[in-house]
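**Q** Here you go, one structure.
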Amino acid sequence: MTLSVRNAVATAALGAALCTALAGCGGGSTPASGQGGQARLGTPAAPAPAASSPHAPQSAPPAAPGPGTVPILPPGPNGLTPVFERTKQQTEKTVALTFDADMTSDQGPRAAGGERFDNPQLIATLRSLKVPSTIFMTGRWAEEYPDQVKAIGTDPNFEIANHSYSHHAFKSPCYGLPALDAAAARADVDRAFAAFRTAGAVNTVPYFRFPGGCYDDQALRALSTAKVTAVQWDVVSGDAFAKDPNAVAQQVLAGVKPGSVVVMHCTRSAAPVTEEAIRKIVPELRNRGYRFVKVSELIGK
């Protein structure tokens, strides 16, 4: 059974509203389409003043992906950062499950108070089901859970991609997130890669996901020197703040096509039923003949 269009839109709208209330959860919108796109379900908000994290270093280290060669897309028009949403090879039944490990630069007190922004059971389930996956991680998350970052980033089942350091917006408005200017945006990306290295992650890849999925040409231009490929998605799981794993599973199963990229979350407080949904999604897609791959394999097609 699949969700109706009405239910899918309602689910996405609820996630957007809650994301706004909690300063954004990332991946709660339909992906931007093509160069210069923006999140279609973005909630209008007054533009926030451009600002970087108050703790950002004055000179951010360069982004340094892990060892080996992984595929990236060539630059877009006028040298803009390229954007990947779904593989062009749409006959082979491959699908990439991606998980946003969200944490903003100012959520330390909430973590100290017991809120869990990680989801080790989800990672354990992905391992036990042997599902290759791409984790889009914020640098702040990496600093909060360095042991998990090292474990994930040295496991060949996973690859770690960049979801910014602060989870601030690279385009405004974007779910009420505070916005970064061009210089701060580039430094934010570099700082996240540095956090992964500090934690001991090895399997990092030069891919980047915009917080909230919000971007425009200015954002793509700001990251052009970072030599990353921006990765969006074509299937919204609806797991952000969801309470029904069956509804999440149905939404994913209804949307997956050959070459799809699915956006989900690796954050217990914001996506508490994701692990249970995965246990329904994975066997069903395998029954349908799908093979799970990392984003790097899809981009390499």
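A note on labels: chains of the structure tokens are A, B, ... as shown, every chain counts residues from 1, and ligands are counted from 1 in their shown order.
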What's the 10 Å shell around segment 282-285 of chain A, counting only C-alpha atoms, without same-chain residues fewer than 3 positions away, as a list in words?
**A** Lys93, Thr94, Val95, Leu97, Leu126, Leu129, Lys130, Val131, Ala249, Val252, Leu253, Val256, Ala277, Ile278, Arg279, Arg288, Gly289, Tyr290, Arg291 and Phe292 of chain A
**Q** Residues at most 10 Å from Glu144 of chain A, counting only C-alpha atoms, excluding those fewer than 3 positions away in the same chain, as a short mmCIF file (atom, residue, chain, number, x, y, z; two decimals) with all heavy atoms, in the first residue's frame?
**A**
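Result written to selection32.cif:
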data_model
loop_
_atom_site.label_atom_id
_atom_site.label_comp_id
_atom_site.auth_asym_id
_atom_site.auth_seq_id
_atom_site.Cartn_x
_atom_site.Cartn_y
_atom_site.Cartn_z
N MET A 103 23.37 18.09 13.46
CA MET A 103 23.53 18.75 14.75
C MET A 103 24.02 20.15 14.46
O MET A 103 24.97 20.34 13.69
CB MET A 103 24.53 18.02 15.64
CG MET A 103 24.54 18.55 17.07
SD MET A 103 25.54 17.51 18.16
CE MET A 103 25.30 18.39 19.72
N GLN A 107 23.85 23.41 19.57
CA GLN A 107 23.02 22.41 20.26
C GLN A 107 23.78 21.63 21.32
O GLN A 107 23.28 20.64 21.84
CB GLN A 107 22.38 21.46 19.24
CG GLN A 107 21.24 22.13 18.48
CD GLN A 107 20.61 21.23 17.43
OE1 GLN A 107 21.23 20.30 16.93
NE2 GLN A 107 19.36 21.52 17.09
N GLY A 108 24.99 22.07 21.65
CA GLY A 108 25.75 21.41 22.69
C GLY A 108 25.01 21.31 24.02
O GLY A 108 25.01 20.23 24.63
N ALA A 111 22.57 18.49 23.94
CA ALA A 111 23.24 17.20 24.03
C ALA A 111 23.71 16.94 25.46
O ALA A 111 23.58 15.82 25.98
CB ALA A 111 24.41 17.16 23.06
N ALA A 112 24.23 17.97 26.11
CA ALA A 112 24.68 17.83 27.49
C ALA A 112 23.51 17.50 28.42
O ALA A 112 23.69 16.84 29.45
CB ALA A 112 25.37 19.11 27.95
N PHE A 117 21.49 13.02 19.55
CA PHE A 117 21.51 13.37 18.13
C PHE A 117 22.11 12.24 17.29
O PHE A 117 22.21 12.35 16.07
CB PHE A 117 22.31 14.66 17.92
CG PHE A 117 21.69 15.86 18.57
CD1 PHE A 117 22.01 16.22 19.88
CD2 PHE A 117 20.76 16.64 17.89
CE1 PHE A 117 21.42 17.32 20.49
CE2 PHE A 117 20.17 17.74 18.49
CZ PHE A 117 20.50 18.08 19.79
N ASP A 118 22.51 11.16 17.95
CA ASP A 118 23.06 10.01 17.25
C ASP A 118 22.01 8.91 17.14
O ASP A 118 20.88 9.06 17.64
CB ASP A 118 24.30 9.48 17.97
CG ASP A 118 23.97 8.99 19.39
OD1 ASP A 118 22.91 9.38 19.94
OD2 ASP A 118 24.78 8.23 19.97
N GLY A 139 29.93 18.69 11.04
CA GLY A 139 31.12 18.69 11.85
C GLY A 139 30.81 18.72 13.33
O GLY A 139 31.53 18.13 14.15
N ARG A 140 29.73 19.42 13.69
CA ARG A 140 29.35 19.48 15.11
C ARG A 140 28.96 18.11 15.62
O ARG A 140 29.27 17.76 16.77
CB ARG A 140 28.19 20.48 15.28
CG ARG A 140 27.79 20.67 16.74
CD ARG A 140 28.92 21.28 17.57
NE ARG A 140 28.60 21.29 18.99
CZ ARG A 140 28.80 20.27 19.82
NH1 ARG A 140 29.33 19.13 19.38
NH2 ARG A 140 28.49 20.36 21.10
N TRP A 141 28.29 17.31 14.80
CA TRP A 141 27.93 15.93 15.16
C TRP A 141 29.22 15.13 15.39
O TRP A 141 29.32 14.34 16.34
CB TRP A 141 27.09 15.31 14.07
CG TRP A 141 26.32 14.07 14.39
CD1 TRP A 141 24.99 13.99 14.72
CD2 TRP A 141 26.80 12.71 14.38
NE1 TRP A 141 24.63 12.66 14.91
CE2 TRP A 141 25.72 11.87 14.72
CE3 TRP A 141 28.04 12.13 14.12
CZ2 TRP A 141 25.84 10.48 14.80
CZ3 TRP A 141 28.17 10.74 14.22
CH2 TRP A 141 27.08 9.93 14.55
N ASP A 147 33.92 8.86 18.73
CA ASP A 147 34.13 7.42 18.67
C ASP A 147 33.25 6.79 17.59
O ASP A 147 33.69 5.89 16.86
CB ASP A 147 33.83 6.77 20.02
CG ASP A 147 34.85 7.14 21.09
OD1 ASP A 147 35.94 7.63 20.72
OD2 ASP A 147 34.56 6.96 22.29
N GLN A 148 32.00 7.27 17.49
CA GLN A 148 31.12 6.74 16.45
C GLN A 148 31.60 7.15 15.06
O GLN A 148 31.51 6.38 14.11
CB GLN A 148 29.69 7.24 16.68
CG GLN A 148 29.05 6.69 17.94
CD GLN A 148 27.58 7.07 18.05
OE1 GLN A 148 26.81 6.88 17.12
NE2 GLN A 148 27.19 7.61 19.20
N VAL A 149 32.12 8.37 14.96
CA VAL A 149 32.62 8.83 13.67
C VAL A 149 33.77 7.95 13.21
O VAL A 149 33.83 7.53 12.04
CB VAL A 149 33.08 10.30 13.75
CG1 VAL A 149 33.68 10.75 12.42
CG2 VAL A 149 31.91 11.20 14.12
N ALA A 199 38.52 13.13 14.21
CA ALA A 199 37.88 11.97 14.83
C ALA A 199 38.47 10.65 14.34
O ALA A 199 38.20 9.60 14.93
CB ALA A 199 36.38 11.99 14.55
#
**Q** Segment 104-128 of chain A near segment 155-167 of chain A within 8 Å: what's each residue's closest atom pair and its distance in Å to one decimal, counting only C-alpha atoms, ordered by chain then ascending residue number, as CSV?
**A**
residue,atom,partner,partner_atom,distance
A:Thr104,CA,A:Ser166,CA,4.8
A:Ser105,CA,A:Ser166,CA,4.4
A:Asp106,CA,A:Ser166,CA,8.0
A:Arg127,CA,A:Asn157,CA,7.2
**Q** Those residues with N, CA and C atoms, as a PDB file, in the first residue's frame please?
**A**
ATOM      1  N   THR A 104      23.365  21.152  15.016  1.00  0.00           N
ATOM      2  CA  THR A 104      23.762  22.526  14.754  1.00  0.00           C
ATOM      3  C   THR A 104      24.881  22.939  15.703  1.00  0.00           C
ATOM      4  N   SER A 105      25.505  24.055  15.366  1.00  0.00           N
ATOM      5  CA  SER A 105      26.665  24.498  16.138  1.00  0.00           C
ATOM      6  C   SER A 105      26.308  24.928  17.555  1.00  0.00           C
ATOM      7  N   ASP A 106      25.019  25.179  17.833  1.00  0.00           N
ATOM      8  CA  ASP A 106      24.630  25.685  19.160  1.00  0.00           C
ATOM      9  C   ASP A 106      23.806  24.682  19.960  1.00  0.00           C
ATOM     10  N   ARG A 127      24.608  -2.343   9.414  1.00  0.00           N
ATOM     11  CA  ARG A 127      25.704  -3.319   9.359  1.00  0.00           C
ATOM     12  C   ARG A 127      25.159  -4.745   9.277  1.00  0.00           C
TER      13      ARG A 127
END
**Q** Would you mind telling me which residue in A:Ser296, A:Thr69, A:Thr225, A:Ser237 lies nearest to Gly259 of chain A when using only C-alpha atoms?
**A**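 The answer is A:Ser296, which sits nearest to Gly259 of chain A.
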**Q** Based on DSSP run over this structure's backbone, return all residues of segment 131-289 of chain A in strand (DSSP E), as a list in words.
**A**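 Going through segment 131-289 of chain A, the strand (DSSP E) residues come out as Ser133, Thr134, Ile135, Phe136, Met137, Phe158, Glu159, Ile160, Ala161, Asn162, Thr204, Val205, Pro206, Tyr207, Phe208, Thr229, Ala230, Val231, Val235, Val236, Ser260, Val261, Val262, Val263, Met264 and His265 of chain A.
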**Q** Please produce a file of those selected residues containing C-alpha atoms, as a PDB file, in the first residue's frame.
**A**
ATOM      1  CA  SER A 133      25.271   3.620   3.007  1.00  0.00           C
ATOM      2  CA  THR A 134      26.401   7.235   2.803  1.00  0.00           C
ATOM      3  CA  ILE A 135      26.250   9.313   5.988  1.00  0.00           C
ATOM      4  CA  PHE A 136      26.027  13.078   5.461  1.00  0.00           C
ATOM      5  CA  MET A 137      27.466  14.361   8.701  1.00  0.00           C
ATOM      6  CA  PHE A 158      29.970   3.283   4.949  1.00  0.00           C
ATOM      7  CA  GLU A 159      31.277   6.514   3.496  1.00  0.00           C
ATOM      8  CA  ILE A 160      31.104   9.864   5.284  1.00  0.00           C
ATOM      9  CA  ALA A 161      30.099  12.952   3.316  1.00  0.00           C
ATOM     10  CA  ASN A 162      29.910  16.594   4.363  1.00  0.00           C
ATOM     11  CA  THR A 204      35.380  10.323   3.662  1.00  0.00           C
ATOM     12  CA  VAL A 205      34.215  11.413   0.221  1.00  0.00           C
ATOM     13  CA  PRO A 206      34.151  14.846  -1.497  1.00  0.00           C
ATOM     14  CA  TYR A 207      30.372  15.116  -1.472  1.00  0.00           C
ATOM     15  CA  PHE A 208      28.317  17.823   0.199  1.00  0.00           C
ATOM     16  CA  THR A 229      29.860  17.455  -5.687  1.00  0.00           C
ATOM     17  CA  ALA A 230      26.592  18.622  -4.111  1.00  0.00           C
ATOM     18  CA  VAL A 231      24.279  15.653  -3.518  1.00  0.00           C
ATOM     19  CA  VAL A 235      13.034  10.308  -2.656  1.00  0.00           C
ATOM     20  CA  VAL A 236      11.951  11.991   0.599  1.00  0.00           C
ATOM     21  CA  SER A 260      17.276   6.737  -6.682  1.00  0.00           C
ATOM     22  CA  VAL A 261      18.861   8.608  -3.779  1.00  0.00           C
ATOM     23  CA  VAL A 262      16.769   8.385  -0.587  1.00  0.00           C
ATOM     24  CA  VAL A 263      17.187  10.988   2.158  1.00  0.00           C
ATOM     25  CA  MET A 264      16.742   9.806   5.747  1.00  0.00           C
ATOM     26  CA  HIS A 265      18.189  10.792   9.124  1.00  0.00           C
TER      27      HIS A 265
END
**Q** Counting only C-alpha atoms, figure out which residue out of A:Gln232, A:Asn119, A:Ser224, A:Ser128 gets nearest to Arg209 of chain A.
**A**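 For Arg209 of chain A, the nearest of the candidates is A:Gln232.
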**Q** My list of candidates is A:Ala151, A:Ala247, A:Leu220, A:Val273. Which is closest to Asn203 of chain A when distances are computed with only C-alpha atoms?
**A**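 That would be A:Ala151, the residue with the smallest distance to Asn203 of chain A.
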**Q** Let me make sure I understand: among A:Pro272, A:Gly176, A:Gly113, A:Pro132, which one has the smallest atom-to-atom distance to Ala96 of chain A if we use only C-alpha atoms?
**A**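 Once distances to Ala96 of chain A are computed over only C-alpha atoms, the minimum belongs to A:Pro132.
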**Q** Using DSSP on the backbone coordinates, identify all residues within segment 169-202 of chain A classified as helix (DSSP H, G or I); present the result as JSON, numbers by chain.
**A** {"A": [182, 183, 184, 185, 186, 187, 188, 189, 190, 191, 192, 193, 194, 195, 196, 197, 198, 199]}
**Q** Please measure the separation of atom CA of Ala183 of chain A and atom CA of Gln218 of chain A, giving the value in Å to one decimal.
**A** 11.3 Å
**Q** Rounded to one decimal, what separation in Å do you get between atom CA of Ala226 of chain A and atom CA of Phe84 of chain A?
**A**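 Atom CA of Ala226 of chain A sits 15.8 Å away from atom CA of Phe84 of chain A.
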**Q** Would you mind telling me which residue in A:Thr138, A:Thr98, A:Thr154, A:Gln121 lies nearest to Leu298 of chain A when using only C-alpha atoms?
**A**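 The closest residue to Leu298 of chain A is A:Thr98.
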**Q** My list of candidates is A:Ala192, A:Cys214, A:Ala187, A:Ala270. Which is closest to Tyr175 of chain A when distances are computed with only C-alpha atoms?
**A**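 Answer, going by the shortest atom-to-atom distance: A:Cys214.
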**Q** Take atom CA of Ala184 of chain A and atom CA of Ala169 of chain A and report the distance between them in Å, one decimal.
**A** 10.7 Å
**Q** Give me the residues near segment 71-75 of chain A as a list in words, where near means some atom within 7 Å (using only C-alpha atoms) and where sequence neighbours in that chain fewer than 3 positions away do not count.
**A**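 Within the cut-off, the hits are Gly79, Leu80, Thr81, Pro82, Thr229, Ser296, Ile299 and Gly300 of chain A.
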**Q** Let's have the selection written as a PDB file, in the first residue's frame, with N, CA, C and O atoms.
**A**
ATOM      1  N   GLY A  79      31.589  27.163 -14.065  1.00  0.00           N
ATOM      2  CA  GLY A  79      32.405  26.635 -12.983  1.00  0.00           C
ATOM      3  C   GLY A  79      31.686  26.398 -11.686  1.00  0.00           C
ATOM      4  O   GLY A  79      32.321  26.166 -10.649  1.00  0.00           O
ATOM      5  N   LEU A  80      30.343  26.437 -11.694  1.00  0.00           N
ATOM      6  CA  LEU A  80      29.589  26.230 -10.453  1.00  0.00           C
ATOM      7  C   LEU A  80      29.760  24.799  -9.945  1.00  0.00           C
ATOM      8  O   LEU A  80      30.010  23.867 -10.714  1.00  0.00           O
ATOM      9  N   THR A  81      29.619  24.630  -8.634  1.00  0.00           N
ATOM     10  CA  THR A  81      29.638  23.302  -8.029  1.00  0.00           C
ATOM     11  C   THR A  81      28.567  22.428  -8.684  1.00  0.00           C
ATOM     12  O   THR A  81      27.406  22.843  -8.786  1.00  0.00           O
ATOM     13  N   PRO A  82      28.916  21.229  -9.138  1.00  0.00           N
ATOM     14  CA  PRO A  82      27.918  20.368  -9.774  1.00  0.00           C
ATOM     15  C   PRO A  82      26.942  19.788  -8.753  1.00  0.00           C
ATOM     16  O   PRO A  82      27.277  19.643  -7.572  1.00  0.00           O
ATOM     17  N   THR A 229      31.104  17.624  -4.952  1.00  0.00           N
ATOM     18  CA  THR A 229      29.860  17.455  -5.687  1.00  0.00           C
ATOM     19  C   THR A 229      28.714  17.579  -4.702  1.00  0.00           C
ATOM     20  O   THR A 229      28.695  16.891  -3.674  1.00  0.00           O
ATOM     21  N   SER A 296      28.750   7.140  -3.971  1.00  0.00           N
ATOM     22  CA  SER A 296      29.913   7.119  -4.855  1.00  0.00           C
ATOM     23  C   SER A 296      29.741   6.140  -6.002  1.00  0.00           C
ATOM     24  O   SER A 296      30.214   6.397  -7.124  1.00  0.00           O
ATOM     25  N   ILE A 299      27.268   7.841  -8.521  1.00  0.00           N
ATOM     26  CA  ILE A 299      27.910   8.920  -9.279  1.00  0.00           C
ATOM     27  C   ILE A 299      28.868   8.340 -10.312  1.00  0.00           C
ATOM     28  O   ILE A 299      29.067   8.910 -11.388  1.00  0.00           O
ATOM     29  N   GLY A 300      29.432   7.169 -10.002  1.00  0.00           N
ATOM     30  CA  GLY A 300      30.377   6.555 -10.921  1.00  0.00           C
ATOM     31  C   GLY A 300      29.744   5.875 -12.111  1.00  0.00           C
ATOM     32  O   GLY A 300      30.450   5.397 -13.013  1.00  0.00           O
TER      33      GLY A 300
END
